[in-house]
Amino acid sequence: MSFEEIVIIADYYMTLKIKLASKLFQIRLFSFPGTVWTQNILSLIYHEGHRDGTENMEIIDRVPWLEYNIHNMDYVHRPSPRLFTTHLPYYLAPRDLRNRRAKIIYVARNPKDVVVSYFHFSSLSVKLETVPDFNSFLERFLAGKVLAGSWLDHVRGWSTHRDEFNILFLTFEEIKKDLRGAVLKICKFLGKQLNEKELDTVVEMAAFDKMKSDPRANYEFMEGNLLEKGKGHFLRKGKAEDFQSQLSVPRKQ
């Protein structure tokens, strides 16, 4: 089996070199910063040890970040199906993804909720500059001067080029509205069969409150490395239209 070296220069000031086997089944989750929910759902779908609690493995080891190989894992020889998550825009994604063998799940979220969530996250992160004034942060967000760049460019890029990939588009809002339906849609797209008991367990454990209390999935293990200690939680509210608590909403006439 031949391997091709692919160099990805991410907009996170990092260069990542990975050898990808084009014939291996790969599943990747692409999204603009704002949710790791589907990352957890994929882990629950594919890992029985996550569902039944018999394996104490963190979510970033089950579904690691493509551009942040925190634990120096051997991405090349991960067992199939290889699951990854990333914030990369479409033009920085490995070009072999265009062979349509890999399956991609793209998750979008209301940009108003994204900017509010992003603002709160930046105040907790030890890696990002803290912008104490929300209006200043909003201006940066709208100008694309934040990590991962412009929300509009990110979503439009993947949407415009969807025919080049084997891709399923989801929104945070539809997952929130019908979690079971979203899990079924993901399983159908991936060709993954779950029995009723397994499906019920995935849906139960994928609920946001359940995820927030799961030390394997709530990113509390990144405290000190990613988050300032004692300042807040990586997972905040997980609500749709929570932007109304931060942004003024015009009253209906």
# chains A, B, ... in the order shown; residues from 1 in each chain; ligands from 1
>>> residues_around(residues="Arg100 of chain A", least_positions_apart="4", cutoff="10 Å", atoms="only C-alpha atoms", output="VMD selection string")
chain A and resid 22 96 104 163 to 167
>>> write_last_selection(atoms="C-alpha atoms", output="short mmCIF file (atom, residue, chain, number, x, y, z; two decimals), in the first residue's frame")
data_model
loop_
_atom_site.label_atom_id
_atom_site.label_comp_id
_atom_site.auth_asym_id
_atom_site.auth_seq_id
_atom_site.Cartn_x
_atom_site.Cartn_y
_atom_site.Cartn_z
CA SER A 22 -5.70 6.81 0.92
CA ASP A 96 -6.54 13.05 -0.53
CA ILE A 104 -16.49 14.06 6.49
CA ASP A 163 -19.21 18.18 -4.28
CA GLU A 164 -15.48 17.53 -3.98
CA PHE A 165 -15.95 15.53 -0.78
CA ASN A 166 -18.08 12.77 0.73
CA ILE A 167 -19.62 15.08 3.29
#
>>> residues_around(residues="Glu58 of chain A", least_positions_apart="5", cutoff="8 Å", atoms="only C-alpha atoms", output="PyMOL selection string")
chain A and resi 215-217
>>> residues_around(residues="Thr201 of chain A", least_positions_apart="3", cutoff="12 Å", atoms="only C-alpha atoms", output="PDB file with N, CA and C atoms, in the first residue's frame")
ATOM      1  N   ILE A  41     -20.036  12.457  20.204  1.00  0.00           N
ATOM      2  CA  ILE A  41     -21.007  11.525  19.620  1.00  0.00           C
ATOM      3  C   ILE A  41     -20.291  10.440  18.818  1.00  0.00           C
ATOM      4  N   LEU A  44     -18.749   7.919  21.117  1.00  0.00           N
ATOM      5  CA  LEU A  44     -19.755   7.026  21.704  1.00  0.00           C
ATOM      6  C   LEU A  44     -20.253   6.001  20.683  1.00  0.00           C
ATOM      7  N   ILE A  45     -20.380   6.410  19.440  1.00  0.00           N
ATOM      8  CA  ILE A  45     -20.855   5.497  18.399  1.00  0.00           C
ATOM      9  C   ILE A  45     -19.862   4.365  18.173  1.00  0.00           C
ATOM     10  N   HIS A  47     -16.977   3.511  20.082  1.00  0.00           N
ATOM     11  CA  HIS A  47     -16.225   2.912  21.185  1.00  0.00           C
ATOM     12  C   HIS A  47     -17.159   2.405  22.279  1.00  0.00           C
ATOM     13  N   GLU A  48     -17.310   1.102  22.323  1.00  0.00           N
ATOM     14  CA  GLU A  48     -18.149   0.488  23.349  1.00  0.00           C
ATOM     15  C   GLU A  48     -17.615   0.800  24.743  1.00  0.00           C
ATOM     16  N   GLY A  49     -16.288   0.888  24.859  1.00  0.00           N
ATOM     17  CA  GLY A  49     -15.690   1.186  26.153  1.00  0.00           C
ATOM     18  C   GLY A  49     -16.048   2.558  26.673  1.00  0.00           C
ATOM     19  N   HIS A  50     -16.364   3.472  25.765  1.00  0.00           N
ATOM     20  CA  HIS A  50     -16.837   4.794  26.168  1.00  0.00           C
ATOM     21  C   HIS A  50     -18.289   4.708  26.633  1.00  0.00           C
ATOM     22  N   ARG A  51     -19.076   3.942  25.898  1.00  0.00           N
ATOM     23  CA  ARG A  51     -20.501   3.822  26.239  1.00  0.00           C
ATOM     24  C   ARG A  51     -20.712   3.141  27.588  1.00  0.00           C
ATOM     25  N   ASP A  52     -19.978   2.042  27.834  1.00  0.00           N
ATOM     26  CA  ASP A  52     -20.242   1.279  29.056  1.00  0.00           C
ATOM     27  C   ASP A  52     -19.296   1.634  30.208  1.00  0.00           C
ATOM     28  N   GLY A  53     -18.389   2.578  29.963  1.00  0.00           N
ATOM     29  CA  GLY A  53     -17.525   3.054  31.032  1.00  0.00           C
ATOM     30  C   GLY A  53     -16.383   2.130  31.401  1.00  0.00           C
ATOM     31  N   ARG A 180     -31.473  12.350  19.010  1.00  0.00           N
ATOM     32  CA  ARG A 180     -31.613  10.983  18.510  1.00  0.00           C
ATOM     33  C   ARG A 180     -31.623  10.963  16.986  1.00  0.00           C
ATOM     34  N   VAL A 183     -28.110  11.509  15.701  1.00  0.00           N
ATOM     35  CA  VAL A 183     -27.283  10.310  15.851  1.00  0.00           C
ATOM     36  C   VAL A 183     -27.629   9.299  14.759  1.00  0.00           C
ATOM     37  N   LEU A 194     -26.144   0.284  14.882  1.00  0.00           N
ATOM     38  CA  LEU A 194     -26.271   0.174  16.335  1.00  0.00           C
ATOM     39  C   LEU A 194     -27.612  -0.470  16.651  1.00  0.00           C
ATOM     40  N   ASN A 195     -27.624  -1.371  17.620  1.00  0.00           N
ATOM     41  CA  ASN A 195     -28.919  -1.911  18.038  1.00  0.00           C
ATOM     42  C   ASN A 195     -29.619  -0.879  18.925  1.00  0.00           C
ATOM     43  N   GLU A 196     -30.849  -1.146  19.271  1.00  0.00           N
ATOM     44  CA  GLU A 196     -31.652  -0.172  20.007  1.00  0.00           C
ATOM     45  C   GLU A 196     -31.023   0.191  21.352  1.00  0.00           C
ATOM     46  N   LYS A 197     -30.474  -0.799  22.025  1.00  0.00           N
ATOM     47  CA  LYS A 197     -29.854  -0.539  23.321  1.00  0.00           C
ATOM     48  C   LYS A 197     -28.626   0.351  23.162  1.00  0.00           C
ATOM     49  N   GLU A 198     -27.807   0.060  22.169  1.00  0.00           N
ATOM     50  CA  GLU A 198     -26.615   0.876  21.918  1.00  0.00           C
ATOM     51  C   GLU A 198     -27.004   2.297  21.533  1.00  0.00           C
ATOM     52  N   GLU A 204     -28.364   8.922  25.325  1.00  0.00           N
ATOM     53  CA  GLU A 204     -28.371   9.301  26.733  1.00  0.00           C
ATOM     54  C   GLU A 204     -27.050   9.957  27.141  1.00  0.00           C
ATOM     55  N   MET A 205     -25.931   9.338  26.747  1.00  0.00           N
ATOM     56  CA  MET A 205     -24.626   9.839  27.175  1.00  0.00           C
ATOM     57  C   MET A 205     -24.157  11.046  26.364  1.00  0.00           C
ATOM     58  N   ALA A 206     -24.759  11.254  25.187  1.00  0.00           N
ATOM     59  CA  ALA A 206     -24.379  12.393  24.354  1.00  0.00           C
ATOM     60  C   ALA A 206     -25.121  13.662  24.741  1.00  0.00           C
ATOM     61  N   ALA A 207     -26.109  13.559  25.621  1.00  0.00           N
ATOM     62  CA  ALA A 207     -26.799  14.755  26.085  1.00  0.00           C
ATOM     63  C   ALA A 207     -25.777  15.717  26.672  1.00  0.00           C
ATOM     64  N   LYS A 210     -24.844  15.484  30.317  1.00  0.00           N
ATOM     65  CA  LYS A 210     -24.124  14.241  30.596  1.00  0.00           C
ATOM     66  C   LYS A 210     -22.671  14.382  30.153  1.00  0.00           C
TER      67      LYS A 210
END
>>> atom_distance(atom1="atom CA of Ala182 of chain A", atom2="atom CA of Met57 of chain A")
24.2 Å
>>> select_by_dssp(residues="segment 92-215 of chain A", states="strand (DSSP E or B)", output="list in words")
Lys103, Ile104, Ile105, Tyr106, Val107, Ala108, Ser125, Ile167, Leu168, Phe169, Leu170 and Thr171 of chain A
>>> residues_around(residues="Trp37 of chain A", least_positions_apart="6", cutoff="9 Å", atoms="only C-alpha atoms", output="ChimeraX atom specification")
/A:172,175,206-208,211,238
>>> residues_around(residues="Lys185 of chain A", least_positions_apart="5", cutoff="10 Å", atoms="only C-alpha atoms", output="MDAnalysis selection string")
chainID A and resid 168 170 179:180 190:191
>>> select_by_dssp(residues="segment 42-206 of chain A", states="alpha helix (DSSP H)", output="VMD selection string")
chain A and resid 42 to 46 48 to 51 59 to 62 111 to 124 134 to 143 151 to 160 172 to 177 179 to 190 196 to 206
>>> atom_distance(atom1="atom CA of Ala108 of chain A", atom2="atom CA of Lys176 of chain A")
12.3 Å
>>> closest_residue(among="A:Trp158, A:Phe189, A:Phe119, A:Phe169", to="Ala93 of chain A", atoms="only C-alpha atoms")
A:Trp158
